[in-house]
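Content type mmCIF, N, CA and C atoms, from the file input-v6.cif:
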```cif
data_my_file
#
loop_
_atom_site.label_atom_id
_atom_site.label_comp_id
_atom_site.auth_asym_id
_atom_site.auth_seq_id
_atom_site.Cartn_x
_atom_site.Cartn_y
_atom_site.Cartn_z
N ALA A 19 14.45 -0.14 35.41
CA ALA A 19 14.35 -1.07 34.30
C ALA A 19 14.65 -0.34 33.01
N GLN A 20 15.17 -1.06 32.04
CA GLN A 20 15.46 -0.51 30.73
C GLN A 20 14.34 -0.88 29.76
N TRP A 21 14.06 -0.01 28.82
CA TRP A 21 13.13 -0.34 27.75
C TRP A 21 13.91 -0.30 26.46
N PRO A 22 13.52 -1.11 25.48
CA PRO A 22 14.28 -1.18 24.22
C PRO A 22 14.39 0.20 23.57
N GLY A 23 15.58 0.55 23.16
CA GLY A 23 15.81 1.83 22.51
C GLY A 23 16.01 2.97 23.48
N ALA A 24 16.20 2.66 24.76
CA ALA A 24 16.29 3.70 25.78
C ALA A 24 17.44 4.66 25.57
N ALA A 25 18.59 4.17 25.18
CA ALA A 25 19.77 5.00 24.98
C ALA A 25 19.97 5.96 26.15
N GLY A 26 19.74 5.47 27.36
CA GLY A 26 19.95 6.27 28.54
C GLY A 26 18.79 7.16 28.94
N ARG A 27 17.69 7.13 28.20
CA ARG A 27 16.53 7.98 28.51
C ARG A 27 15.59 7.26 29.48
N ALA A 28 15.11 7.98 30.44
CA ALA A 28 14.14 7.43 31.39
C ALA A 28 12.72 7.63 30.86
N ALA A 29 11.87 6.65 31.07
CA ALA A 29 10.45 6.79 30.72
C ALA A 29 9.80 7.67 31.78
N HIS A 30 9.13 8.75 31.34
CA HIS A 30 8.48 9.66 32.27
C HIS A 30 7.04 9.26 32.55
N ARG A 31 6.30 8.94 31.50
CA ARG A 31 4.89 8.56 31.64
C ARG A 31 4.60 7.35 30.76
N LEU A 32 3.74 6.48 31.26
CA LEU A 32 3.34 5.27 30.53
C LEU A 32 1.83 5.26 30.36
N ALA A 33 1.37 4.68 29.26
CA ALA A 33 -0.06 4.45 29.05
C ALA A 33 -0.21 3.05 28.47
N PHE A 34 -1.12 2.28 29.04
CA PHE A 34 -1.42 0.94 28.56
C PHE A 34 -2.82 0.98 27.97
N ASP A 35 -3.00 0.45 26.78
CA ASP A 35 -4.30 0.46 26.12
C ASP A 35 -5.16 -0.65 26.69
N PRO A 36 -6.22 -0.33 27.42
CA PRO A 36 -7.05 -1.36 28.03
C PRO A 36 -7.86 -2.16 27.00
N ALA A 37 -8.05 -1.62 25.81
CA ALA A 37 -8.86 -2.29 24.79
C ALA A 37 -8.03 -3.19 23.86
N HIS A 38 -6.73 -2.99 23.82
CA HIS A 38 -5.86 -3.74 22.91
C HIS A 38 -4.60 -4.18 23.63
N ARG A 39 -4.59 -5.42 24.02
CA ARG A 39 -3.43 -5.96 24.73
C ARG A 39 -2.18 -5.77 23.87
N GLY A 40 -1.11 -5.39 24.50
CA GLY A 40 0.16 -5.22 23.80
C GLY A 40 0.51 -3.80 23.44
N ARG A 41 -0.48 -2.91 23.41
CA ARG A 41 -0.21 -1.51 23.08
C ARG A 41 0.27 -0.76 24.33
N ILE A 42 1.45 -0.19 24.23
CA ILE A 42 2.01 0.60 25.33
C ILE A 42 2.58 1.87 24.73
N ALA A 43 2.29 2.99 25.34
CA ALA A 43 2.90 4.26 24.94
C ALA A 43 3.70 4.78 26.11
N LEU A 44 4.81 5.42 25.79
CA LEU A 44 5.59 6.06 26.85
C LEU A 44 6.19 7.33 26.32
N THR A 45 6.50 8.23 27.24
CA THR A 45 7.16 9.47 26.87
C THR A 45 8.45 9.60 27.67
N THR A 46 9.40 10.29 27.07
CA THR A 46 10.68 10.58 27.71
C THR A 46 10.89 12.09 27.63
N GLU A 47 12.05 12.55 28.05
CA GLU A 47 12.35 13.98 27.94
C GLU A 47 12.54 14.40 26.49
N THR A 48 12.63 13.44 25.58
CA THR A 48 12.87 13.78 24.18
C THR A 48 11.77 13.38 23.21
N GLY A 49 10.71 12.72 23.67
CA GLY A 49 9.66 12.35 22.73
C GLY A 49 8.69 11.30 23.21
N ALA A 50 7.84 10.85 22.28
CA ALA A 50 6.80 9.85 22.56
C ALA A 50 7.10 8.59 21.75
N TYR A 51 6.85 7.44 22.35
CA TYR A 51 7.16 6.15 21.74
C TYR A 51 5.96 5.21 21.89
N LEU A 52 5.81 4.30 20.93
CA LEU A 52 4.69 3.36 20.92
C LEU A 52 5.20 1.94 20.71
N SER A 53 4.64 1.01 21.48
CA SER A 53 4.91 -0.41 21.28
C SER A 53 3.59 -1.10 20.98
N LEU A 54 3.62 -2.01 20.03
CA LEU A 54 2.44 -2.82 19.70
C LEU A 54 2.64 -4.27 20.09
N ASP A 55 3.79 -4.56 20.75
CA ASP A 55 4.14 -5.95 21.08
C ASP A 55 4.56 -6.12 22.54
N ASP A 56 3.76 -5.55 23.43
CA ASP A 56 4.00 -5.66 24.88
C ASP A 56 5.34 -5.09 25.32
N GLY A 57 5.86 -4.13 24.59
CA GLY A 57 7.09 -3.47 24.98
C GLY A 57 8.37 -4.10 24.46
N ALA A 58 8.26 -5.11 23.61
CA ALA A 58 9.46 -5.72 23.04
C ALA A 58 10.20 -4.74 22.14
N THR A 59 9.44 -3.93 21.39
CA THR A 59 10.02 -2.90 20.53
C THR A 59 9.20 -1.62 20.67
N PHE A 60 9.83 -0.49 20.44
CA PHE A 60 9.16 0.81 20.47
C PHE A 60 9.55 1.60 19.24
N GLN A 61 8.59 2.40 18.73
CA GLN A 61 8.83 3.31 17.63
C GLN A 61 8.53 4.72 18.11
N ARG A 62 9.33 5.66 17.67
CA ARG A 62 9.06 7.05 18.00
C ARG A 62 7.86 7.52 17.18
N VAL A 63 6.92 8.21 17.81
CA VAL A 63 5.67 8.59 17.13
C VAL A 63 5.32 10.07 17.31
N ASP A 64 6.30 10.91 17.60
CA ASP A 64 6.00 12.31 17.86
C ASP A 64 6.40 13.26 16.73
N ALA A 65 6.68 12.75 15.55
CA ALA A 65 7.05 13.61 14.43
C ALA A 65 5.94 14.63 14.17
N GLY A 66 6.33 15.88 14.07
CA GLY A 66 5.37 16.93 13.79
C GLY A 66 4.76 17.59 15.01
N LEU A 67 5.02 17.06 16.19
CA LEU A 67 4.50 17.72 17.39
C LEU A 67 5.34 18.95 17.69
N PRO A 68 4.72 20.00 18.23
CA PRO A 68 5.44 21.25 18.43
C PRO A 68 6.53 21.19 19.49
N SER A 69 6.39 20.33 20.48
CA SER A 69 7.38 20.25 21.54
C SER A 69 7.49 18.82 22.02
N PRO A 70 8.68 18.22 22.01
CA PRO A 70 8.81 16.84 22.45
C PRO A 70 8.89 16.68 23.96
N THR A 71 8.84 17.77 24.72
CA THR A 71 9.00 17.66 26.17
C THR A 71 7.66 17.67 26.89
N ARG A 72 7.64 17.05 28.03
CA ARG A 72 6.47 17.00 28.93
C ARG A 72 5.21 16.50 28.23
N LEU A 73 5.35 15.43 27.48
CA LEU A 73 4.22 14.84 26.78
C LEU A 73 3.48 13.87 27.68
N VAL A 74 2.16 13.76 27.50
CA VAL A 74 1.33 12.84 28.27
C VAL A 74 0.58 11.94 27.29
N PRO A 75 0.84 10.62 27.32
CA PRO A 75 0.19 9.71 26.38
C PRO A 75 -1.12 9.14 26.93
N ALA A 76 -2.05 8.83 26.03
CA ALA A 76 -3.30 8.16 26.39
C ALA A 76 -3.85 7.49 25.14
N PHE A 77 -4.65 6.45 25.33
CA PHE A 77 -5.28 5.75 24.22
C PHE A 77 -6.77 6.05 24.20
N ALA A 78 -7.34 6.16 22.99
CA ALA A 78 -8.78 6.33 22.79
C ALA A 78 -9.14 5.60 21.50
N ALA A 79 -9.88 4.51 21.64
CA ALA A 79 -10.24 3.68 20.48
C ALA A 79 -8.98 3.28 19.73
N ASP A 80 -8.88 3.59 18.45
CA ASP A 80 -7.70 3.22 17.66
C ASP A 80 -6.78 4.41 17.44
N ALA A 81 -6.63 5.22 18.48
CA ALA A 81 -5.76 6.40 18.39
C ALA A 81 -4.90 6.52 19.64
N LEU A 82 -3.71 7.04 19.44
CA LEU A 82 -2.84 7.42 20.54
C LEU A 82 -2.94 8.93 20.66
N LEU A 83 -3.35 9.41 21.81
CA LEU A 83 -3.41 10.85 22.07
C LEU A 83 -2.15 11.25 22.81
N VAL A 84 -1.61 12.40 22.45
CA VAL A 84 -0.42 12.92 23.12
C VAL A 84 -0.70 14.36 23.49
N GLY A 85 -0.75 14.62 24.79
CA GLY A 85 -0.95 15.98 25.29
C GLY A 85 0.39 16.67 25.43
N THR A 86 0.43 17.96 25.09
CA THR A 86 1.66 18.74 25.20
C THR A 86 1.47 19.86 26.21
N THR A 87 2.55 20.48 26.58
CA THR A 87 2.49 21.63 27.48
C THR A 87 2.27 22.89 26.65
N GLY A 88 1.09 23.46 26.74
CA GLY A 88 0.81 24.72 26.08
C GLY A 88 0.47 24.66 24.60
N SER A 89 0.51 23.47 23.99
CA SER A 89 0.22 23.38 22.55
C SER A 89 -0.94 22.46 22.24
N GLY A 90 -1.68 22.04 23.23
CA GLY A 90 -2.85 21.20 23.00
C GLY A 90 -2.52 19.72 22.94
N ALA A 91 -3.47 18.96 22.40
CA ALA A 91 -3.32 17.52 22.28
C ALA A 91 -3.34 17.13 20.81
N PHE A 92 -2.62 16.07 20.49
CA PHE A 92 -2.52 15.58 19.13
C PHE A 92 -2.79 14.09 19.13
N TRP A 93 -3.15 13.55 17.99
CA TRP A 93 -3.42 12.11 17.92
C TRP A 93 -2.73 11.49 16.72
N ARG A 94 -2.50 10.20 16.85
CA ARG A 94 -1.96 9.38 15.79
C ARG A 94 -2.82 8.12 15.70
N ALA A 95 -3.17 7.70 14.50
CA ALA A 95 -3.89 6.44 14.33
C ALA A 95 -2.95 5.30 14.73
N VAL A 96 -3.51 4.28 15.36
CA VAL A 96 -2.71 3.14 15.81
C VAL A 96 -3.36 1.87 15.27
N PRO A 97 -2.61 1.06 14.52
CA PRO A 97 -3.18 -0.19 14.01
C PRO A 97 -3.39 -1.21 15.12
N ALA A 98 -4.33 -2.10 14.91
CA ALA A 98 -4.60 -3.12 15.92
C ALA A 98 -3.52 -4.19 15.94
N ALA A 99 -2.96 -4.51 14.79
CA ALA A 99 -1.93 -5.55 14.72
C ALA A 99 -0.55 -4.91 14.87
N ALA A 100 0.43 -5.73 15.07
CA ALA A 100 1.80 -5.25 15.22
C ALA A 100 2.34 -4.77 13.88
N ALA A 101 2.11 -3.48 13.61
CA ALA A 101 2.59 -2.83 12.39
C ALA A 101 2.93 -1.39 12.75
N PRO A 102 3.72 -0.70 11.94
CA PRO A 102 4.08 0.67 12.27
C PRO A 102 2.85 1.57 12.35
N PRO A 103 2.84 2.54 13.26
CA PRO A 103 1.70 3.46 13.35
C PRO A 103 1.65 4.39 12.15
N ALA A 104 0.45 4.79 11.79
CA ALA A 104 0.27 5.73 10.68
C ALA A 104 0.61 7.12 11.16
N ALA A 105 1.35 7.86 10.36
CA ALA A 105 1.71 9.23 10.72
C ALA A 105 0.56 10.15 10.34
N ALA A 106 0.25 11.08 11.23
CA ALA A 106 -0.78 12.07 10.94
C ALA A 106 -0.18 13.16 10.07
N PRO A 107 -0.99 13.80 9.24
CA PRO A 107 -0.46 14.86 8.37
C PRO A 107 0.05 16.04 9.15
#
```
Just give me the structure as structure tokens.
Amino acid sequence: AQWPGAAGRAAHRLAFDPAHRGRIALTTETGAYLSLDDGATFQRVDAGLPSPTRLVPAFAADALLVGTTGSGAFWRAVPAAAAPPAAAP
């Protein structure tokens, strides 16, 4: 299956937010992406992470957690409504 914005990239890992319907995170070989509208659109959300490869997404409350290989885990605030995610400093 194709996801919007795929440009030939395969989704490696998916996370569905059990507390907020419509929130989906996925990772590819090049980065992490977030959808707030059941996958109709995705935004890249990995700016500032040390390595865009082998990322593992997860949701916790109003945050998207992204685990990296060897560099720890990072988080981004995620709005409840369909709006762009806030970038972490």
statement: Across A:Phe34, A:Arg27, A:Val96, A:Val74, the smallest distance to A:Ala50, with only N, CA and C atoms counted, is shown by A:Val74
message: Given the point (10.8, 14.0, 25.0) in the file's coordinates, find the residues that have an atom at most 6.5 Å from it, counting all atoms listed in the file, and give them as a list of chain:residue names.
response: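 These residues have at least one counted atom within 6.5 Å: A:Thr45, A:Thr46, A:Glu47, A:Thr48, A:Gly49, A:Ala50, A:Pro70, A:Thr71, A:Arg72, A:Leu73.
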- request: Return as JSON, numbers by chain the set of residues that the PyMOL selection byres (((chain A and resi 35 and name CA) around 12) and name CA) yields on the displayed structure.
  value: {"A": [32, 33, 34, 36, 37, 38, 39, 40, 41, 42, 43, 44, 52, 53, 54, 55, 56, 75, 76, 77, 78, 79, 80, 81, 82, 83, 96, 98]}
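For the pair atom N of A:Ala58 and atom CA of A:Gly90, the interatomic distance is 28.6 Å.
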Put a box with edges along x, y and z around all the listed atoms of stretch 67-85 of chain A, pad it by 5 Å on each side, then give me its centre and sizes in Å, one decimal, as lines of an AutoDock Vina configuration file.
```
center_x = -0.6
center_y = 12.2
center_z = 22.6
size_x = 29.2
size_y = 28.0
size_z = 22.7
```
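One distance worth recording is that between atom C of A:Arg94 and atom C of A:Phe60, which is 14.4 Å.
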